[in-house]
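Undergrad: Below is input_19.cif; it holds mmCIF, C-alpha atoms.
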data_protein
loop_
_atom_site.label_atom_id
_atom_site.label_comp_id
_atom_site.auth_asym_id
_atom_site.auth_seq_id
_atom_site.Cartn_x
_atom_site.Cartn_y
_atom_site.Cartn_z
CA ALA A 1 -3.38 -2.30 -7.80
CA GLN A 2 -4.32 1.28 -8.43
CA LYS A 3 -7.13 3.14 -6.77
CA VAL A 4 -8.55 6.65 -6.94
CA THR A 5 -10.95 7.97 -4.32
CA GLN A 6 -13.10 11.04 -4.64
CA ALA A 7 -14.84 11.23 -1.31
CA GLN A 8 -17.18 14.05 -2.26
CA THR A 9 -19.98 12.62 -4.37
CA GLU A 10 -21.82 15.90 -4.74
CA ILE A 11 -21.04 19.55 -4.01
CA SER A 12 -23.38 22.48 -4.35
CA VAL A 13 -22.14 26.08 -4.34
CA VAL A 14 -23.46 29.48 -5.26
CA GLU A 15 -21.92 31.26 -8.21
CA LYS A 16 -18.67 33.11 -7.46
CA GLU A 17 -17.79 30.86 -4.54
CA ASP A 18 -14.49 28.99 -4.59
CA VAL A 19 -14.72 25.20 -4.48
CA THR A 20 -12.14 22.44 -4.02
CA LEU A 21 -12.61 18.92 -5.30
CA ASP A 22 -10.60 16.30 -3.47
CA CYS A 23 -8.75 13.36 -4.99
CA VAL A 24 -6.70 10.72 -3.18
CA TYR A 25 -4.86 7.98 -5.04
CA GLU A 26 -3.03 4.73 -4.38
CA THR A 27 -0.37 3.15 -6.57
CA ARG A 28 2.76 1.06 -6.14
CA ASP A 29 4.42 2.62 -9.16
CA THR A 30 7.04 5.31 -8.71
CA THR A 31 6.28 6.81 -12.12
CA TYR A 32 2.65 7.66 -12.64
CA TYR A 33 0.40 10.34 -14.06
CA LEU A 34 -2.62 12.07 -12.62
CA PHE A 35 -5.44 13.55 -14.64
CA TRP A 36 -8.61 15.54 -14.18
CA TYR A 37 -11.49 15.23 -16.63
CA LYS A 38 -14.75 17.16 -16.79
CA GLN A 39 -17.98 15.48 -17.86
CA PRO A 40 -20.69 18.07 -18.61
CA PRO A 41 -24.34 17.08 -19.00
CA SER A 42 -23.68 16.30 -22.67
CA GLY A 43 -21.67 13.32 -21.45
CA GLU A 44 -18.36 13.70 -23.26
CA LEU A 45 -15.27 13.57 -21.05
CA VAL A 46 -13.08 16.63 -21.49
CA PHE A 47 -9.40 16.52 -20.54
CA LEU A 48 -8.36 19.29 -18.12
CA ILE A 49 -4.86 18.55 -16.86
CA ARG A 50 -2.11 15.95 -16.49
CA ARG A 51 0.63 15.90 -13.86
CA ASN A 52 3.48 13.44 -13.58
CA SER A 53 4.68 12.00 -10.30
CA PHE A 54 8.01 13.84 -10.44
CA ASP A 55 6.52 17.29 -10.73
CA GLU A 56 4.85 18.55 -7.58
CA GLN A 57 4.57 22.12 -8.71
CA ASN A 58 1.10 23.49 -8.38
CA GLU A 59 -0.49 24.66 -11.59
CA ILE A 60 -2.90 27.45 -12.35
CA SER A 61 -4.89 27.89 -15.52
CA GLY A 62 -7.31 30.77 -15.40
CA ARG A 63 -9.84 30.06 -12.65
CA TYR A 64 -8.57 26.47 -12.26
CA SER A 65 -5.71 25.40 -10.02
CA TRP A 66 -4.34 22.04 -8.96
CA ASN A 67 -2.49 21.06 -5.80
CA PHE A 68 -0.42 17.87 -6.07
CA GLN A 69 1.05 16.53 -2.80
CA LYS A 70 2.87 13.19 -2.92
CA SER A 71 3.20 13.12 0.87
CA THR A 72 -0.56 12.76 1.20
CA SER A 73 -1.17 11.09 -2.21
CA SER A 74 -3.56 13.84 -3.13
CA PHE A 75 -4.26 15.82 -6.28
CA ASN A 76 -6.91 18.39 -5.47
CA PHE A 77 -8.63 20.70 -7.91
CA THR A 78 -9.84 24.20 -7.05
CA ILE A 79 -12.19 26.35 -9.08
CA THR A 80 -12.04 30.01 -8.14
CA ALA A 81 -15.08 32.23 -8.58
CA SER A 82 -17.24 29.37 -9.82
CA GLN A 83 -19.68 29.88 -12.66
CA VAL A 84 -22.86 28.07 -13.65
CA VAL A 85 -21.03 26.64 -16.67
CA ASP A 86 -18.71 24.80 -14.28
CA SER A 87 -21.60 22.53 -13.32
CA ALA A 88 -20.53 19.03 -14.32
CA VAL A 89 -19.15 15.78 -12.96
CA TYR A 90 -15.41 15.93 -12.42
CA PHE A 91 -13.24 12.82 -12.49
CA CYS A 92 -9.75 12.33 -11.15
CA ALA A 93 -7.79 9.53 -12.83
CA LEU A 94 -4.44 7.76 -12.57
CA SER A 95 -2.27 5.88 -15.03
CA ALA A 96 1.13 4.19 -14.79
CA ASN A 97 3.41 2.52 -17.31
CA ASN A 98 3.71 -0.57 -15.16
CA ALA A 99 -0.02 -0.89 -14.71
CA GLY A 100 -1.15 -1.16 -18.30
CA ASN A 101 -1.41 2.50 -19.32
CA MET A 102 -5.16 2.54 -18.85
CA LEU A 103 -6.82 5.21 -16.75
CA THR A 104 -8.15 4.27 -13.33
CA PHE A 105 -10.93 6.70 -12.48
CA GLY A 106 -12.38 7.83 -9.21
CA GLY A 107 -16.12 7.77 -8.71
CA GLY A 108 -16.49 11.41 -9.66
CA THR A 109 -17.73 14.53 -7.90
CA ARG A 110 -20.90 16.18 -9.17
CA LEU A 111 -20.53 19.95 -8.89
CA MET A 112 -23.64 22.09 -9.04
CA VAL A 113 -23.14 25.82 -9.28
CA LYS A 114 -26.31 27.77 -8.62
CA PRO A 115 -26.85 31.31 -9.88
CA GLY B 116 -9.74 18.20 -36.67
CA ALA B 117 -12.31 15.52 -35.99
CA GLY B 118 -12.46 14.02 -32.55
CA VAL B 119 -13.29 10.47 -31.52
CA SER B 120 -16.64 9.37 -32.89
CA GLN B 121 -18.83 6.52 -31.74
CA THR B 122 -21.85 4.91 -33.31
CA PRO B 123 -24.61 4.39 -32.55
CA SER B 124 -25.17 7.03 -29.90
CA ASN B 125 -27.95 4.93 -28.41
CA LYS B 126 -28.67 1.25 -28.69
CA VAL B 127 -31.67 -0.54 -27.21
CA THR B 128 -31.69 -4.30 -27.41
CA GLU B 129 -33.35 -7.27 -25.83
CA LYS B 130 -31.74 -9.65 -23.41
CA GLY B 131 -29.87 -12.38 -25.24
CA LYS B 132 -29.22 -10.40 -28.42
CA TYR B 133 -25.86 -9.58 -30.00
CA VAL B 134 -24.66 -5.97 -30.35
CA GLU B 135 -21.76 -4.19 -31.99
CA LEU B 136 -20.50 -0.78 -30.95
CA ARG B 137 -18.18 1.16 -33.22
CA CYS B 138 -15.38 3.60 -32.43
CA ASP B 139 -13.56 5.82 -34.89
CA PRO B 140 -10.45 7.29 -33.21
CA ILE B 141 -8.63 10.51 -33.94
CA SER B 142 -6.67 10.10 -37.16
CA GLY B 143 -3.12 8.98 -36.48
CA HIS B 144 -3.73 7.84 -32.92
CA THR B 145 -2.19 4.42 -32.45
CA ALA B 146 -3.70 3.64 -29.06
CA LEU B 147 -7.39 2.96 -28.55
CA TYR B 148 -9.20 2.22 -25.29
CA TRP B 149 -12.68 1.03 -24.39
CA TYR B 150 -14.26 1.90 -21.06
CA ARG B 151 -17.68 1.24 -19.55
CA GLN B 152 -19.47 3.78 -17.37
CA SER B 153 -22.41 2.72 -15.25
CA LEU B 154 -24.82 5.31 -13.90
CA GLY B 155 -23.26 7.45 -11.19
CA GLN B 156 -19.85 5.84 -11.46
CA GLY B 157 -16.51 6.57 -13.05
CA PRO B 158 -15.50 4.86 -16.29
CA GLU B 159 -13.99 1.39 -15.93
CA PHE B 160 -11.35 0.05 -18.28
CA LEU B 161 -12.26 -2.77 -20.63
CA ILE B 162 -9.56 -3.20 -23.28
CA TYR B 163 -6.62 -1.37 -24.85
CA PHE B 164 -5.30 -1.66 -28.40
CA GLN B 165 -1.89 -0.60 -29.60
CA GLY B 166 -2.18 -0.72 -33.38
CA THR B 167 -4.12 -3.79 -34.41
CA GLY B 168 -3.40 -5.91 -31.38
CA ALA B 169 -5.11 -5.99 -28.01
CA ALA B 170 -2.30 -5.02 -25.66
CA ASP B 171 -4.41 -5.46 -22.54
CA ASP B 172 -7.87 -7.03 -22.29
CA SER B 173 -7.84 -7.56 -18.56
CA GLY B 174 -10.89 -5.38 -18.04
CA LEU B 175 -13.29 -7.42 -20.17
CA PRO B 176 -15.81 -8.82 -17.68
CA ASN B 177 -16.30 -12.22 -19.34
CA ASP B 178 -16.06 -14.04 -22.64
CA ARG B 179 -19.28 -12.51 -23.95
CA PHE B 180 -17.27 -9.36 -24.60
CA PHE B 181 -14.84 -9.13 -27.50
CA ALA B 182 -13.24 -6.27 -29.42
CA VAL B 183 -11.33 -5.97 -32.67
CA ARG B 184 -9.31 -3.36 -34.49
CA PRO B 185 -8.35 -5.11 -37.72
CA GLU B 186 -6.67 -2.23 -39.55
CA GLY B 187 -5.37 -0.29 -36.59
CA SER B 188 -7.97 2.44 -36.84
CA VAL B 189 -11.69 1.75 -36.31
CA SER B 190 -12.55 -0.60 -33.47
CA THR B 191 -15.67 -2.62 -32.79
CA LEU B 192 -16.75 -3.80 -29.37
CA LYS B 193 -18.93 -6.90 -29.62
CA ILE B 194 -21.21 -8.19 -26.90
CA GLN B 195 -22.86 -11.59 -27.22
CA ARG B 196 -25.95 -12.78 -25.37
CA THR B 197 -26.51 -9.39 -23.78
CA GLU B 198 -27.71 -9.22 -20.18
CA ARG B 199 -29.51 -6.43 -18.37
CA GLY B 200 -26.36 -5.81 -16.35
CA ASP B 201 -24.55 -4.83 -19.55
CA SER B 202 -26.62 -1.63 -19.70
CA ALA B 203 -24.19 1.27 -19.45
CA VAL B 204 -22.47 3.94 -21.50
CA TYR B 205 -19.57 2.51 -23.47
CA LEU B 206 -16.81 5.03 -24.00
CA CYS B 207 -13.99 4.91 -26.48
CA ALA B 208 -10.79 6.93 -26.19
CA SER B 209 -7.69 7.31 -28.30
CA SER B 210 -4.22 8.67 -27.67
CA SER B 211 -1.20 9.40 -29.79
CA GLY B 212 1.30 7.18 -28.05
CA GLY B 213 -0.30 4.54 -25.92
CA ARG B 214 1.85 5.40 -22.95
CA ALA B 215 0.62 6.24 -19.49
CA LYS B 216 1.56 9.89 -19.91
CA ASN B 217 -0.47 10.42 -23.07
CA GLU B 218 -3.77 12.21 -22.74
CA GLN B 219 -6.71 10.12 -23.79
CA PHE B 220 -9.38 11.85 -25.86
CA PHE B 221 -12.84 10.47 -25.38
CA GLY B 222 -15.77 10.04 -27.71
CA PRO B 223 -19.37 10.86 -26.79
CA GLY B 224 -20.13 7.26 -25.88
CA THR B 225 -22.77 4.72 -26.85
CA ARG B 226 -25.60 4.32 -24.37
CA LEU B 227 -26.57 0.63 -24.36
CA THR B 228 -29.87 -0.39 -22.83
CA VAL B 229 -30.68 -4.07 -22.50
CA LEU B 230 -34.35 -4.72 -21.85
#
Go ahead and render the structure in this file as structure tokens.

TA:
Amino acid sequence: AQKVTQAQTEISVVEKEDVTLDCVYETRDTTYYLFWYKQPPSGELVFLIRRNSFDEQNEISGRYSWNFQKSTSSFNFTITASQVVDSAVYFCALSANNAGNMLTFGGGTRLMVKP
Amino acid sequence: GAGVSQTPSNKVTEKGKYVELRCDPISGHTALYWYRQSLGQGPEFLIYFQGTGAADDSGLPNDRFFAVRPEGSVSTLKIQRTERGDSAVYLCASSSGGRAKNEQFFGPGTRLTVL
């Protein structure tokens, strides 16, 4: 069985602060993929990033960065210099070829960035 | 190009009624997924189509739920004898390959309310 845990249900920061969203996963598969999605107030899930289980390199895209550590089964997401437009619910998700290809989502972290 | 579209955007029905929710995937995407998102939770997998066939329906909660994709494009999720517990946002996603590594692109969802 697959499981994704996002322990932080809600985070509130002031604009320009850095914030890290935690994600811990469980899977028996050796080949799997990790994703982050953003769900703004409009409701539509927006794809942010995918990492595969064989690539532990950290990735940076503008103000976003991701830290994948297999040793701790974690795939954390950091937003640097947060902005009000970053306010949304962020979901971490997992998929694996041997587990049906569907996404298993965490419960989400609601990020509120205040001006 | 056009993204995933879902109709209706909102559906209010009475307990015991039958409803149909429609999903129009991105053109050319062979894989189509249905998820259900209850308030404050992450999306939960319902069913996955590869082409016209349901490759995995393990997430359907009971036999009141059924989905079809007769021509390998548009899909309809059908719910019989609706119950108040069926109230949720129903999300549809499509991907180009139907493999675990493929990003899934989500539609805006249909908010179903069962009174």

Undergrad: Residues of chain A that have any atom at most 9 Å from an atom of chain B: could you tabulate them with the shortest-distance atom pair and the distance in Å to one decimal, using all atoms listed in the file, ordered by chain and increasing number, as a tab-separated table?

TA:
residue	atom	partner	partner_atom	distance
A:Tyr32	CA	B:Ala215	CA	7.3
A:Tyr33	CA	B:Lys216	CA	6.0
A:Leu34	CA	B:Lys216	CA	8.7
A:Phe35	CA	B:Glu218	CA	8.4
A:Ser42	CA	B:Pro223	CA	8.1
A:Gly43	CA	B:Pro223	CA	6.3
A:Glu44	CA	B:Pro223	CA	4.6
A:Leu45	CA	B:Phe221	CA	5.9
A:Val46	CA	B:Phe221	CA	7.3
A:Phe47	CA	B:Phe220	CA	7.1
A:Ile49	CA	B:Glu218	CA	8.7
A:Arg50	CA	B:Glu218	CA	7.5
A:Arg51	CA	B:Lys216	CA	8.6
A:Asn52	CA	B:Lys216	CA	7.5
A:Phe91	CA	B:Gly157	CA	7.1
A:Leu94	CA	B:Ala215	CA	8.7
A:Ser95	CA	B:Ala215	CA	5.3
A:Ala96	CA	B:Ala215	CA	5.2
A:Asn97	CA	B:Ala215	CA	5.1
A:Asn98	CA	B:Ala215	CA	8.6
A:Ala99	CA	B:Ala215	CA	8.6
A:Gly100	CA	B:Asp171	CA	6.9
A:Asn101	CA	B:Ala215	CA	4.3
A:Met102	CA	B:Phe160	CA	6.7
A:Leu103	CA	B:Phe160	CA	7.0
A:Thr104	CA	B:Glu159	CA	7.0
A:Phe105	CA	B:Gly157	CA	5.6
A:Gly106	CA	B:Gly157	CA	5.8
A:Gly107	CA	B:Gly157	CA	4.5
A:Gly108	CA	B:Gly157	CA	5.9

Undergrad: Extract, using only C-alpha atoms, all DNA, RNA and protein residues at most 7 Å from A:Thr78, discarding same-chain residues fewer than 5 positions from it, and format them as a PyMOL selection string.

TA: chain A and resi 19-21+64-66

Undergrad: Taking all atoms listed in the file into account, which of A:Phe54, A:Met112, A:Ile60, A:Asn76 comes nearest A:Thr5?

TA: A:Asn76

Undergrad: Determine the residue set returned by the PyMOL selection byres ((chain A and resi 69) around 10) for the present structure, and present it as a compact mmCIF listing (two decimals) with C-alpha atoms, in the coordinates of the input.

TA:
# COMPACT_ATOMS: atom_id res chain seq x y z
CA VAL A 24 -6.70 10.72 -3.18
CA SER A 53 4.68 12.00 -10.30
CA ASP A 55 6.52 17.29 -10.73
CA GLU A 56 4.85 18.55 -7.58
CA GLN A 57 4.57 22.12 -8.71
CA ASN A 58 1.10 23.49 -8.38
CA TRP A 66 -4.34 22.04 -8.96
CA ASN A 67 -2.49 21.06 -5.80
CA PHE A 68 -0.42 17.87 -6.07
CA LYS A 70 2.87 13.19 -2.92
CA SER A 71 3.20 13.12 0.87
CA THR A 72 -0.56 12.76 1.20
CA SER A 73 -1.17 11.09 -2.21
CA SER A 74 -3.56 13.84 -3.13
CA PHE A 75 -4.26 15.82 -6.28
CA ASN A 76 -6.91 18.39 -5.47

Undergrad: Have a look at atom CA of A:Tyr25 and atom CA of A:Val84 and let me know their distance in Å, one decimal.

TA: 28.3 Å

Undergrad: Let me know the residues the PyMOL selection byres ((chain B and resi 193) around 12) catches in the file above, as a PDB file with C-alpha atoms, keeping the file's coordinate frame.

TA:
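As a result, part-v9.pdb now contains:
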ATOM      1  CA  LYS B 132     -29.220 -10.400 -28.420  1.00  0.00           C
ATOM      2  CA  TYR B 133     -25.860  -9.580 -30.000  1.00  0.00           C
ATOM      3  CA  VAL B 134     -24.660  -5.970 -30.350  1.00  0.00           C
ATOM      4  CA  GLU B 135     -21.760  -4.190 -31.990  1.00  0.00           C
ATOM      5  CA  LEU B 136     -20.500  -0.780 -30.950  1.00  0.00           C
ATOM      6  CA  ARG B 137     -18.180   1.160 -33.220  1.00  0.00           C
ATOM      7  CA  CYS B 138     -15.380   3.600 -32.430  1.00  0.00           C
ATOM      8  CA  TRP B 149     -12.680   1.030 -24.390  1.00  0.00           C
ATOM      9  CA  LEU B 161     -12.260  -2.770 -20.630  1.00  0.00           C
ATOM     10  CA  ILE B 162      -9.560  -3.200 -23.280  1.00  0.00           C
ATOM     11  CA  LEU B 175     -13.290  -7.420 -20.170  1.00  0.00           C
ATOM     12  CA  ASN B 177     -16.300 -12.220 -19.340  1.00  0.00           C
ATOM     13  CA  ASP B 178     -16.060 -14.040 -22.640  1.00  0.00           C
ATOM     14  CA  ARG B 179     -19.280 -12.510 -23.950  1.00  0.00           C
ATOM     15  CA  PHE B 180     -17.270  -9.360 -24.600  1.00  0.00           C
ATOM     16  CA  PHE B 181     -14.840  -9.130 -27.500  1.00  0.00           C
ATOM     17  CA  ALA B 182     -13.240  -6.270 -29.420  1.00  0.00           C
ATOM     18  CA  VAL B 183     -11.330  -5.970 -32.670  1.00  0.00           C
ATOM     19  CA  ARG B 184      -9.310  -3.360 -34.490  1.00  0.00           C
ATOM     20  CA  SER B 190     -12.550  -0.600 -33.470  1.00  0.00           C
ATOM     21  CA  THR B 191     -15.670  -2.620 -32.790  1.00  0.00           C
ATOM     22  CA  LEU B 192     -16.750  -3.800 -29.370  1.00  0.00           C
ATOM     23  CA  ILE B 194     -21.210  -8.190 -26.900  1.00  0.00           C
ATOM     24  CA  GLN B 195     -22.860 -11.590 -27.220  1.00  0.00           C
ATOM     25  CA  ARG B 196     -25.950 -12.780 -25.370  1.00  0.00           C
ATOM     26  CA  THR B 197     -26.510  -9.390 -23.780  1.00  0.00           C
ATOM     27  CA  ASP B 201     -24.550  -4.830 -19.550  1.00  0.00           C
ATOM     28  CA  TYR B 205     -19.570   2.510 -23.470  1.00  0.00           C
ATOM     29  CA  LEU B 227     -26.570   0.630 -24.360  1.00  0.00           C
TER      30      LEU B 227
END

Undergrad: Counting all atoms listed in the file, which residues sit no farther than 8 Å from the position (-30.3, -0.4, -28.5) in the file's frame? I'd like them as a ChimeraX atom specification.

TA: /B:125-129,226-229

Undergrad: Rounded to one decimal place, report the atom CA of A:Val14-atom CA of A:Ala81 distance in Å.

TA: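 Straight-line distance from atom CA of A:Val14 to atom CA of A:Ala81 works out to 9.4 Å.
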
Undergrad: Quick one: distance from atom CA of B:Gln121 to atom CA of B:Ser210 in Å, one decimal?

TA: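 Value for the atom CA of B:Gln121-atom CA of B:Ser210 distance: 15.3 Å.
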